[in-house]
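Novice: Structure in structure tokens, see below.
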Amino acid sequence: AGIGIKTVVIAAWKLSSYTDMNSLRTIFSAILSSALVVLMIGCSSAPTKNSVALPSVSDISPLQKKVIAAAKKRLGAPYCYGGTAKCMDCSGLIVTIYQDIGITLPRTSAQQFSTGKYIEPDEATVGDLIFFRNKSGNINHVGLYVDDNKLLHASSSKGVIVQPLNDPYLANGFAGIRRFLPDDAINWSLKRKTLWPQSWHIIMEKWDISPYKIC
């Protein structure tokens, strides 16, 4: 907007040499009101940090909409190991999101990985679960795919956030994708050609970085 309080005050001060005090008050009030309107517009248009971009209505199924809505409710929640309510860990976050849509999931990320339906990266869509391994090869983290190559997950240091999947901390620990949504509840137009620019087979071999606790 480029209009600050200092600019408004200076403008009013300069006008004081050309008008009486009553006129000055009127002019000052008008300038201040205009400045506040501009500043409010600027603030309202600023993007919300870690916001989930909801896919367009034509590109998402009703059940996938419910998944995204449930995910958005958890944004900003703090991390705590074993938590599923006011604070939560990675698998606890996923369990609560799916509970909101009437689907019961196993409690840990390892159990979720072993029981979900195997999905190739080029078949991933909104609502699928993305899993990660530690350097020992064990499943230790999970997040929710929310479209546009972004992951909603519970970070042990930042709480529930949305993060790009090409972030090195995520890409280097990629283990695979699983699905718990029924196939008839998926809008297949949302399939992606690839989740990451490099081959997922190569990524699976990179287990060097693991910033997350087992959850």
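Just remember, in the structure tokens the first chain shown is A, the second B, etc., residues are 1-based per chain, and ligands are 1-based in the order shown.
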Quick one: DSSP strand (DSSP E or B) residues in region 94-201 of chain A, as number ranges by chain?
Specialist: A: 117-119, 129-133, 139-145, 150-155, 159-164, 174-179
Novice: Write out as an MDAnalysis selection string the set of residues from region 63-152 of chain A that DSSP, computed on the backbone, places in helix (DSSP H, G or I).
Specialist: chainID A and resid 63:73 90:100 109:115 121:123
Novice: May I have the selected residues written with N, CA, C and O atoms, as a tab-separated table (two decimals), in the first residue's frame?
Specialist:
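Produced file result-v3.tsv, reproduced below:
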```
chain	number	residue	atom	x	y	z
A	63	LEU	N	-15.99	-36.64	-0.17
A	63	LEU	CA	-15.24	-37.20	0.96
A	63	LEU	C	-13.86	-36.56	1.07
A	63	LEU	O	-13.37	-36.33	2.18
A	64	GLN	N	-13.25	-36.26	-0.05
A	64	GLN	CA	-11.96	-35.58	-0.01
A	64	GLN	C	-12.09	-34.17	0.56
A	64	GLN	O	-11.21	-33.67	1.25
A	65	LYS	N	-13.21	-33.51	0.29
A	65	LYS	CA	-13.46	-32.20	0.89
A	65	LYS	C	-13.51	-32.31	2.40
A	65	LYS	O	-12.98	-31.45	3.12
A	66	LYS	N	-14.15	-33.37	2.89
A	66	LYS	CA	-14.24	-33.56	4.34
A	66	LYS	C	-12.86	-33.79	4.95
A	66	LYS	O	-12.58	-33.33	6.07
A	67	VAL	N	-12.01	-34.51	4.23
A	67	VAL	CA	-10.65	-34.75	4.72
A	67	VAL	C	-9.90	-33.43	4.86
A	67	VAL	O	-9.26	-33.16	5.89
A	68	ILE	N	-9.97	-32.59	3.83
A	68	ILE	CA	-9.28	-31.31	3.87
A	68	ILE	C	-9.85	-30.42	4.96
A	68	ILE	O	-9.11	-29.74	5.68
A	69	ALA	N	-11.16	-30.40	5.12
A	69	ALA	CA	-11.79	-29.59	6.17
A	69	ALA	C	-11.32	-30.04	7.56
A	69	ALA	O	-11.04	-29.22	8.43
A	70	ALA	N	-11.25	-31.36	7.76
A	70	ALA	CA	-10.78	-31.89	9.04
A	70	ALA	C	-9.31	-31.56	9.27
A	70	ALA	O	-8.89	-31.27	10.40
A	71	ALA	N	-8.53	-31.57	8.20
A	71	ALA	CA	-7.11	-31.24	8.31
A	71	ALA	C	-6.90	-29.78	8.68
A	71	ALA	O	-6.06	-29.45	9.52
A	72	LYS	N	-7.67	-28.89	8.07
A	72	LYS	CA	-7.52	-27.46	8.33
A	72	LYS	C	-7.81	-27.12	9.79
A	72	LYS	O	-7.23	-26.19	10.35
A	73	LYS	N	-8.71	-27.88	10.43
A	73	LYS	CA	-9.04	-27.62	11.83
A	73	LYS	C	-7.84	-27.86	12.75
A	73	LYS	O	-7.79	-27.32	13.85
A	90	CYS	N	2.48	-37.27	14.86
A	90	CYS	CA	2.16	-37.38	13.44
A	90	CYS	C	1.03	-38.37	13.15
A	90	CYS	O	0.08	-38.05	12.43
A	91	SER	N	1.11	-39.56	13.72
A	91	SER	CA	0.07	-40.55	13.46
A	91	SER	C	-1.22	-40.22	14.20
A	91	SER	O	-2.32	-40.52	13.72
A	92	GLY	N	-1.09	-39.57	15.37
A	92	GLY	CA	-2.28	-39.13	16.09
A	92	GLY	C	-3.07	-38.10	15.29
A	92	GLY	O	-4.31	-38.10	15.30
A	93	LEU	N	-2.35	-37.22	14.60
A	93	LEU	CA	-3.00	-36.24	13.72
A	93	LEU	C	-3.81	-36.94	12.64
A	93	LEU	O	-4.97	-36.60	12.39
A	94	ILE	N	-3.22	-37.93	12.00
A	94	ILE	CA	-3.90	-38.66	10.93
A	94	ILE	C	-5.11	-39.40	11.46
A	94	ILE	O	-6.19	-39.41	10.84
A	95	VAL	N	-4.96	-40.02	12.63
A	95	VAL	CA	-6.07	-40.76	13.24
A	95	VAL	C	-7.26	-39.83	13.49
A	95	VAL	O	-8.41	-40.16	13.19
A	96	THR	N	-7.00	-38.62	14.03
A	96	THR	CA	-8.10	-37.70	14.34
A	96	THR	C	-8.76	-37.15	13.09
A	96	THR	O	-9.98	-36.97	13.05
A	97	ILE	N	-7.97	-36.90	12.04
A	97	ILE	CA	-8.54	-36.41	10.78
A	97	ILE	C	-9.49	-37.46	10.20
A	97	ILE	O	-10.62	-37.14	9.79
A	98	TYR	N	-9.05	-38.71	10.18
A	98	TYR	CA	-9.89	-39.77	9.61
A	98	TYR	C	-11.07	-40.11	10.51
A	98	TYR	O	-12.13	-40.53	10.01
A	99	GLN	N	-10.92	-39.92	11.82
A	99	GLN	CA	-12.07	-40.12	12.71
A	99	GLN	C	-13.19	-39.15	12.36
A	99	GLN	O	-14.37	-39.50	12.43
A	100	ASP	N	-12.82	-37.94	11.96
A	100	ASP	CA	-13.82	-36.93	11.60
A	100	ASP	C	-14.66	-37.34	10.40
A	100	ASP	O	-15.78	-36.86	10.24
A	109	SER	N	2.25	-44.89	12.97
A	109	SER	CA	2.58	-44.74	11.55
A	109	SER	C	3.01	-46.06	10.93
A	109	SER	O	2.68	-46.34	9.77
A	110	ALA	N	3.72	-46.89	11.68
A	110	ALA	CA	4.15	-48.19	11.16
A	110	ALA	C	2.95	-49.08	10.87
A	110	ALA	O	2.89	-49.78	9.85
A	111	GLN	N	1.97	-49.07	11.77
A	111	GLN	CA	0.76	-49.87	11.57
A	111	GLN	C	-0.05	-49.36	10.39
A	111	GLN	O	-0.59	-50.14	9.61
A	112	GLN	N	-0.13	-48.04	10.25
A	112	GLN	CA	-0.86	-47.44	9.13
A	112	GLN	C	-0.18	-47.81	7.81
A	112	GLN	O	-0.86	-48.13	6.82
A	113	PHE	N	1.13	-47.79	7.79
A	113	PHE	CA	1.88	-48.11	6.58
A	113	PHE	C	1.65	-49.57	6.17
A	113	PHE	O	1.52	-49.87	4.98
A	114	SER	N	1.56	-50.45	7.15
A	114	SER	CA	1.44	-51.88	6.85
A	114	SER	C	0.01	-52.30	6.48
A	114	SER	O	-0.19	-53.36	5.88
A	115	THR	N	-0.99	-51.47	6.83
A	115	THR	CA	-2.37	-51.87	6.57
A	115	THR	C	-3.05	-51.08	5.45
A	115	THR	O	-4.07	-51.53	4.92
A	121	PRO	N	3.47	-43.43	-6.61
A	121	PRO	CA	3.52	-41.97	-6.53
A	121	PRO	C	2.71	-41.25	-7.61
A	121	PRO	O	2.15	-40.19	-7.35
A	122	ASP	N	2.63	-41.82	-8.81
A	122	ASP	CA	1.88	-41.14	-9.86
A	122	ASP	C	0.37	-41.35	-9.72
A	122	ASP	O	-0.42	-40.84	-10.51
A	123	GLU	N	-0.04	-42.09	-8.68
A	123	GLU	CA	-1.46	-42.29	-8.39
A	123	GLU	C	-1.90	-41.51	-7.15
A	123	GLU	O	-3.07	-41.56	-6.77
```
Novice: Which of these, A:Val160, A:Ile130, A:Ala124, A:Ile119, has the shortest distance to Leu75 (chain A) once you count only C-alpha atoms?
Specialist: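 The shortest atom-to-atom distance to Leu75 (chain A) comes from A:Val160.
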Novice: Return the single residue from A:Leu129, A:Gly116, A:Asn172, A:Thr104 that is closest to His153 (chain A), with distances computed using only C-alpha atoms.
Specialist: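 The answer is A:Leu129, which sits nearest to His153 (chain A).
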Novice: Grab the CA of Ile139 (chain A) to CA of Pro78 (chain A) distance for me, in Å with one decimal place.
Specialist: 21.7 Å
Novice: Please compute the CA of Ala185 (chain A)-CA of Ser61 (chain A) distance, one decimal, in Å.
Specialist: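 Atom-to-atom, CA of Ala185 (chain A) to CA of Ser61 (chain A), that is 6.3 Å.
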Novice: Could you tell me which of A:Ile60, A:Ile103, A:Cys87, A:Ile177 comes closest to Ser156 (chain A) if we count only C-alpha atoms?
Specialist: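 Of A:Ile60, A:Ile103, A:Cys87, A:Ile177, the one nearest Ser156 (chain A), counting only C-alpha atoms, is A:Cys87.
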Novice: By how many Å are CA of Asn138 (chain A) and CA of Thr108 (chain A) apart?
Specialist: 12.1 Å
Novice: Restricting the calculation to only C-alpha atoms, which member of A:Leu165, A:Ala77, A:Leu144, A:Ala171 is positioned closest to Asp128 (chain A)?
Specialist: A:Leu144
Novice: Kindly indicate which residue among A:His141, A:Arg107, A:Lys117, A:Arg178 lies nearest to Gly82 (chain A), using only C-alpha atoms for the distances.
Specialist: A:Arg107
